[in-house]
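Undergrad: Got a structure for you, written out below as structure tokens; questions coming shortly.
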2 protein chains.
Amino acid sequence: MRFQSYEHGGNIYDYNRKLIDFSSNINPLGPPSWIEEIITRVDLSVYPDIRYRKLRSSIAGYLGCSPESVIVGNGITELIFLFVRAFKVKRPLIPSPTFCEYERAVILHGGKPKFLKIREEENFKLNVYEVIEKIPLVDALFLCNPNNPTGGIINKRELSLIVDAAKSLDIPVFVDEAFIEFVMDEKNYTAIDLIEKYDKLFVVRAITKFFALPGLRLGYGIAQATTINRLESYKEPWSVNSIAVEVGSRIFEDKKYIEESKIKVNELRENFMKALSHVNFLKVFPSSTNFILVKLLKDTSSEIKNRLLDRGFLIRDASNFRYLNKKFIRLAVRGEKENVLIVGAIRDILGGG
Amino acid sequence: MRFQSYEHGGNIYDYNRKLIDFSSNINPLGPPSWIEEIITRVDLSVYPDIRYRKLRSSIAGYLGCSPESVIVGNGITELIFLFVRAFKVKRPLIPSPTFCEYERAVILHGGKPKFLKIREEENFKLNVYEVIEKIPLVDALFLCNPNNPTGGIINKRELSLIVDAAKSLDIPVFVDEAFIEFVMDEKNYTAIDLIEKYDKLFVVRAITKFFALPGLRLGYGIAQATTINRLESYKEPWSVNSIAVEVGSRIFEDKKYIEESKIKVNELRENFMKALSHVNFLKVFPSSTNFILVKLLKDTSSEIKNRLLDRGFLIRDASNFRYLNKKFIRLAVRGEKENVLIVGAIRDILGGG
């Protein structure tokens with residue numbers, strides 16, 4: 001059954017006990033504390049605004065674009081499916097390993113993606129020139145930046161080269177920036193500034209990861225107004241609920257939370273990576289965001305996952321990502337204490353100091 | 001732009017002032033009062049269960065079926081689009097006037113619906129024999145029961161005839177029961193009991209209308225497990241948010257609210273219909289649910305809508321429903337006082353006593 005072959009992190013519901021969840025990549029600081037107060041004041045007995053005017057204005061203010069350049073969705077996932085439908089994407093390029101829903105959306109709409117291997121030998125950094133070389137062979141391009149599950153990132157100059165190549169062939173480009181707000185110097189990596197130069201560039205983000213609100217379901221996308229109108233014409237109405245609207249209309253003003261999260265998560269990741277890199281039989285790949293791809297030089301991902309489960313930790317077995325294998329796991333960056341605990345547990349399990 | 005041609009009720013956001021909203025068909029009793037307390041306790045920092053096990057169990061308990069027969073969605077709308085995708089619906093029969101999203105979903109997926117006119121001369125009651133006659137010409141069937149915007153309803157015996165005809169030709173059937181819980185003797189009208197006899201019958205409902213929670217976005221559908229699996233394989237993940245999960249896991253146990261709503265709304269509707277039918281220049285069509293289709297024998301729907309807006313009432317101009325025209329408006333049943341007020345206003349506007 002297709003439903004089961006695309007597995008995600010965060011499936012704490014599969015287990016009947018309390019686990020420390022390193023499998024979903026959520027801001028370890030948790031959501032801003034003022035949210036609880038707001039949600040009780042939302043009137044759920046009226047429909048959300050079908051055009052989401054207030055919410056789109058707020059997002060536009062955050063990103064410095066116009067509200068006509070913003071579309072909202074039920075997480076990024078809805079926007080992936082919408083992009084595939086609106087641009088009739090049948091044979092896109094999907095550099096992989098990456099988030100599985102791009103592939104799933106294309107296949108469910110009768111297409112067949114072309115994959116480009118992101119190489120371990122290149123430390124899982126996307127090879128921009130290989131991407132550009134393949135663009136003439138495809139009808140769209142998906143980029144996840146920073147990339148899930150590898151943590152690799154390309155900068156704005158590299159993105160710009162890709163966008164230029166795509167533009168010259170009129171190939172739509174989807175850039176998933178679900179994790180970009182965790183990156184310290186985000187401005188040097190985002191594709192948002194490139195939107196003005198290409199009308200088929202669609203950049204998406206969400207409050208899911210950075211604001212630690214996966215339960216609320218709010219994603220958003222930016223493009224030129226013509227592309228937003230095209231996407232809107234395919235959209236299922238009211239897919240964003242009224243509580244997400246209220247929270248989303250205020251959350252981007254919380255500059256203190258945004259700044260603190262960036263600084264704190266970067267510090268946590270650096271310490272976590274350093275500790276992991278000192279464990280024998282582990283290889284840690286570079287990451288500039290809130291999760292880390294790790295290669296096991298001994299044992300398999302499912303063995304480690306199960307042995308960590310015995311100790312109360314849930315991790316992401318990364319073996320089902322395309323081009324990865326039974327040697328890979330992904331770890332979310334959590335709080336200092338929890339990160340130290342899981343490093344100790346992994347060291348114990350793998351042995352050898 | 002396609003986006004604007006499918007207009008819905010409830011667009012209070014188009015107006016910069018407080019209006020009494022007769023355009024969206026929401027339970028006038030408002031949501032159960034205990035909801036506010038629950039929503040603050042929901043942990044939004046974890047993903048909802050991707051399989052929605054607890055929620056599906058609760059719905060199954062309410063309907064007396066197994067959890068494997070239940071799928072949940074972001075309102076009924078998501079389930080309409082999912083049905084179209086999963087069954088590759090290209091040329092369905094859509095008896096009309098009816099809810100516009102069936103048509104929109106089919107067209108957006110490259111199909112072209114076939115329409116069957118529900119006749120004013122038959123008091124907008126669906127002609128079952130005409131439906132059965134058309135089934136060999138189509139690849140799916142959409143039924144809205146009770147039908148929006150007409151208020152017409154067909155009973156279980158009639159539904160059963162249609163389902164038998166569809167089954168003999170292996171034609172999938174979609175039955176939208178968004179408003180059925182407002183019907184007094186609901187058991188005699190629901191298609192849910194027919195599911196066991198046909199594997200391609202898909203019946204959908206929502207908490208939107210009856211539980212007055214359009215802002216929460218929770219719909220659900222019932223079918224045999226094979227069809228549910230098929231639909232799941234096409235589904236976008238996590239489309240139902242965590243607050244909808246918590247509320248939806250408890251709301252069907254509130255038997256008192258359910259019973260009171262049924263009785264109260266029926267009483268309100270009967271009084272409202274009686275009062276409207278005494279107004280000159282109005283024709284009121286039969287309804288067994290929480291809205292009423294009204295024909296204007298004088299003036300047009302947009303004139304009446306604008307003149308009611310001047311007095312602080314928002315109604316649904318029903319002229320853009322297929323087969324209706326500038327003579328039709330739809331009124332939601334609201335509280336006694338508000339219903340009396342709008343009847344007075346309409347009488348004033350139309351004149352003649």
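Going through the structure tokens in order, the chains are called A, B, and so on, while each chain numbers its residues from 1 and the ligands are numbered from 1 in the order shown.
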Show me, as a VMD selection string, the residues of chain A whose atoms get within 7 Å of chain B, using only C-alpha atoms for the distance check.
TA: chain A and resid 2 to 3 10 to 11 13 30 to 31 36 40 44 to 49 74 77 to 78 108 212 to 217 232 to 234 236 239 241 to 242
Undergrad: Give the strand (DSSP E) residues of region 146-263 of chain A, as DSSP finds them on the backbone, and put them as number ranges by chain.
TA: A: 173-176, 201-206, 219-222
Undergrad: In Å, with one decimal, what is the gap from CA of Pro172 (chain A) to CA of Ile195 (chain A)?
TA: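 Distance between the two atoms: 11.6 Å.
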Undergrad: Just want the 6 Å neighbourhood of region 297-304 of chain B, counted on only C-alpha atoms, with same-chain residues fewer than 5 positions away dropped. Output as a list in words.
TA: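 Returned residues: Phe281, Leu282, Asp317, Lys326, Lys327, Phe328 and Ile329 of chain B.
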Undergrad: Expressed in Å to a single decimal, how great is the separation between CA of Phe313 (chain B) and CA of Glu246 (chain A)?
TA: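 Atom-to-atom, CA of Phe313 (chain B) and CA of Glu246 (chain A) are spaced 25.4 Å apart.
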Undergrad: DSSP on the backbone: which residues in region 228-264 of chain A end up as helix (DSSP H, G or I)? Give the answer as a list in words.
TA: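 Listing helix (DSSP H, G or I) positions across region 228-264 of chain A yields Ile228, Asn229, Arg230, Leu231, Glu232, Ser233, Ser242, Ile243, Ala244, Val245, Glu246, Val247, Gly248, Ile251, Phe252, Glu253, Lys255, Lys256, Tyr257, Ile258, Glu259, Glu260, Ser261, Lys262, Ile263 and Lys264 of chain A.
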Undergrad: Just N, CA and C atoms for this one: save the residues we selected as a PDB file, in the first residue's frame.
TA:
ATOM      1  N   ILE A 228       0.921  33.137  -8.091  1.00  0.00           N
ATOM      2  CA  ILE A 228       0.021  32.971  -6.942  1.00  0.00           C
ATOM      3  C   ILE A 228      -1.427  32.814  -7.431  1.00  0.00           C
ATOM      4  N   ASN A 229      -1.834  33.627  -8.392  1.00  0.00           N
ATOM      5  CA  ASN A 229      -3.198  33.505  -8.930  1.00  0.00           C
ATOM      6  C   ASN A 229      -3.426  32.143  -9.564  1.00  0.00           C
ATOM      7  N   ARG A 230      -2.439  31.683 -10.285  1.00  0.00           N
ATOM      8  CA  ARG A 230      -2.541  30.359 -10.904  1.00  0.00           C
ATOM      9  C   ARG A 230      -2.704  29.271  -9.837  1.00  0.00           C
ATOM     10  N   LEU A 231      -1.892  29.335  -8.795  1.00  0.00           N
ATOM     11  CA  LEU A 231      -1.979  28.354  -7.709  1.00  0.00           C
ATOM     12  C   LEU A 231      -3.331  28.466  -7.007  1.00  0.00           C
ATOM     13  N   GLU A 232      -3.785  29.684  -6.745  1.00  0.00           N
ATOM     14  CA  GLU A 232      -5.077  29.891  -6.071  1.00  0.00           C
ATOM     15  C   GLU A 232      -6.212  29.245  -6.862  1.00  0.00           C
ATOM     16  N   SER A 233      -6.110  29.314  -8.174  1.00  0.00           N
ATOM     17  CA  SER A 233      -7.211  28.792  -8.982  1.00  0.00           C
ATOM     18  C   SER A 233      -7.350  27.276  -8.841  1.00  0.00           C
ATOM     19  N   SER A 242      -8.960  28.478  11.479  1.00  0.00           N
ATOM     20  CA  SER A 242      -9.036  29.830  12.056  1.00  0.00           C
ATOM     21  C   SER A 242      -8.011  30.070  13.162  1.00  0.00           C
ATOM     22  N   ILE A 243      -7.611  29.038  13.877  1.00  0.00           N
ATOM     23  CA  ILE A 243      -6.606  29.216  14.930  1.00  0.00           C
ATOM     24  C   ILE A 243      -5.241  29.467  14.292  1.00  0.00           C
ATOM     25  N   ALA A 244      -4.945  28.730  13.235  1.00  0.00           N
ATOM     26  CA  ALA A 244      -3.702  28.979  12.490  1.00  0.00           C
ATOM     27  C   ALA A 244      -3.690  30.402  11.939  1.00  0.00           C
ATOM     28  N   VAL A 245      -4.848  30.884  11.518  1.00  0.00           N
ATOM     29  CA  VAL A 245      -4.938  32.258  11.002  1.00  0.00           C
ATOM     30  C   VAL A 245      -4.561  33.262  12.089  1.00  0.00           C
ATOM     31  N   GLU A 246      -5.144  33.106  13.271  1.00  0.00           N
ATOM     32  CA  GLU A 246      -4.883  34.068  14.350  1.00  0.00           C
ATOM     33  C   GLU A 246      -3.430  34.026  14.794  1.00  0.00           C
ATOM     34  N   VAL A 247      -2.928  32.807  15.006  1.00  0.00           N
ATOM     35  CA  VAL A 247      -1.536  32.670  15.441  1.00  0.00           C
ATOM     36  C   VAL A 247      -0.600  33.182  14.354  1.00  0.00           C
ATOM     37  N   GLY A 248      -0.873  32.794  13.113  1.00  0.00           N
ATOM     38  CA  GLY A 248      -0.025  33.195  11.995  1.00  0.00           C
ATOM     39  C   GLY A 248      -0.050  34.693  11.731  1.00  0.00           C
ATOM     40  N   ILE A 251       2.509  35.832  14.784  1.00  0.00           N
ATOM     41  CA  ILE A 251       3.739  35.156  15.197  1.00  0.00           C
ATOM     42  C   ILE A 251       4.998  35.783  14.604  1.00  0.00           C
ATOM     43  N   PHE A 252       4.884  36.362  13.421  1.00  0.00           N
ATOM     44  CA  PHE A 252       6.084  36.901  12.775  1.00  0.00           C
ATOM     45  C   PHE A 252       6.538  38.221  13.394  1.00  0.00           C
ATOM     46  N   GLU A 253       5.684  38.773  14.238  1.00  0.00           N
ATOM     47  CA  GLU A 253       6.078  39.995  14.949  1.00  0.00           C
ATOM     48  C   GLU A 253       6.918  39.692  16.186  1.00  0.00           C
ATOM     49  N   LYS A 255       9.849  39.098  17.261  1.00  0.00           N
ATOM     50  CA  LYS A 255      11.261  39.150  16.852  1.00  0.00           C
ATOM     51  C   LYS A 255      12.176  38.537  17.909  1.00  0.00           C
ATOM     52  N   LYS A 256      11.782  38.672  19.163  1.00  0.00           N
ATOM     53  CA  LYS A 256      12.588  38.142  20.251  1.00  0.00           C
ATOM     54  C   LYS A 256      12.660  36.609  20.152  1.00  0.00           C
ATOM     55  N   TYR A 257      11.519  35.976  19.950  1.00  0.00           N
ATOM     56  CA  TYR A 257      11.484  34.512  19.810  1.00  0.00           C
ATOM     57  C   TYR A 257      12.324  34.076  18.608  1.00  0.00           C
ATOM     58  N   ILE A 258      12.173  34.797  17.512  1.00  0.00           N
ATOM     59  CA  ILE A 258      12.873  34.438  16.278  1.00  0.00           C
ATOM     60  C   ILE A 258      14.392  34.516  16.483  1.00  0.00           C
ATOM     61  N   GLU A 259      14.838  35.601  17.086  1.00  0.00           N
ATOM     62  CA  GLU A 259      16.267  35.805  17.289  1.00  0.00           C
ATOM     63  C   GLU A 259      16.836  34.777  18.274  1.00  0.00           C
ATOM     64  N   GLU A 260      16.141  34.604  19.381  1.00  0.00           N
ATOM     65  CA  GLU A 260      16.587  33.641  20.402  1.00  0.00           C
ATOM     66  C   GLU A 260      16.660  32.226  19.852  1.00  0.00           C
ATOM     67  N   SER A 261      15.660  31.858  19.053  1.00  0.00           N
ATOM     68  CA  SER A 261      15.627  30.501  18.498  1.00  0.00           C
ATOM     69  C   SER A 261      16.833  30.269  17.610  1.00  0.00           C
ATOM     70  N   LYS A 262      17.086  31.212  16.736  1.00  0.00           N
ATOM     71  CA  LYS A 262      18.212  31.103  15.808  1.00  0.00           C
ATOM     72  C   LYS A 262      19.515  30.869  16.588  1.00  0.00           C
ATOM     73  N   ILE A 263      19.772  31.751  17.554  1.00  0.00           N
ATOM     74  CA  ILE A 263      21.027  31.687  18.302  1.00  0.00           C
ATOM     75  C   ILE A 263      21.123  30.404  19.115  1.00  0.00           C
ATOM     76  N   LYS A 264      20.062  30.101  19.822  1.00  0.00           N
ATOM     77  CA  LYS A 264      20.068  28.947  20.722  1.00  0.00           C
ATOM     78  C   LYS A 264      20.206  27.627  19.941  1.00  0.00           C
TER      79      LYS A 264
END
Undergrad: Considering only C-alpha atoms, can you say which of A:Leu194, A:Ile180, A:Ala140, A:Ile171 comes closest to Gly152 (chain A)?
TA: A:Ile180
Undergrad: Could you check which of B:Val265, B:Leu324, B:Ile71, B:Leu19 is closest to Leu293 (chain B), using only C-alpha atoms?
TA: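 Among the listed residues, the smallest separation from Leu293 (chain B) belongs to B:Leu324.
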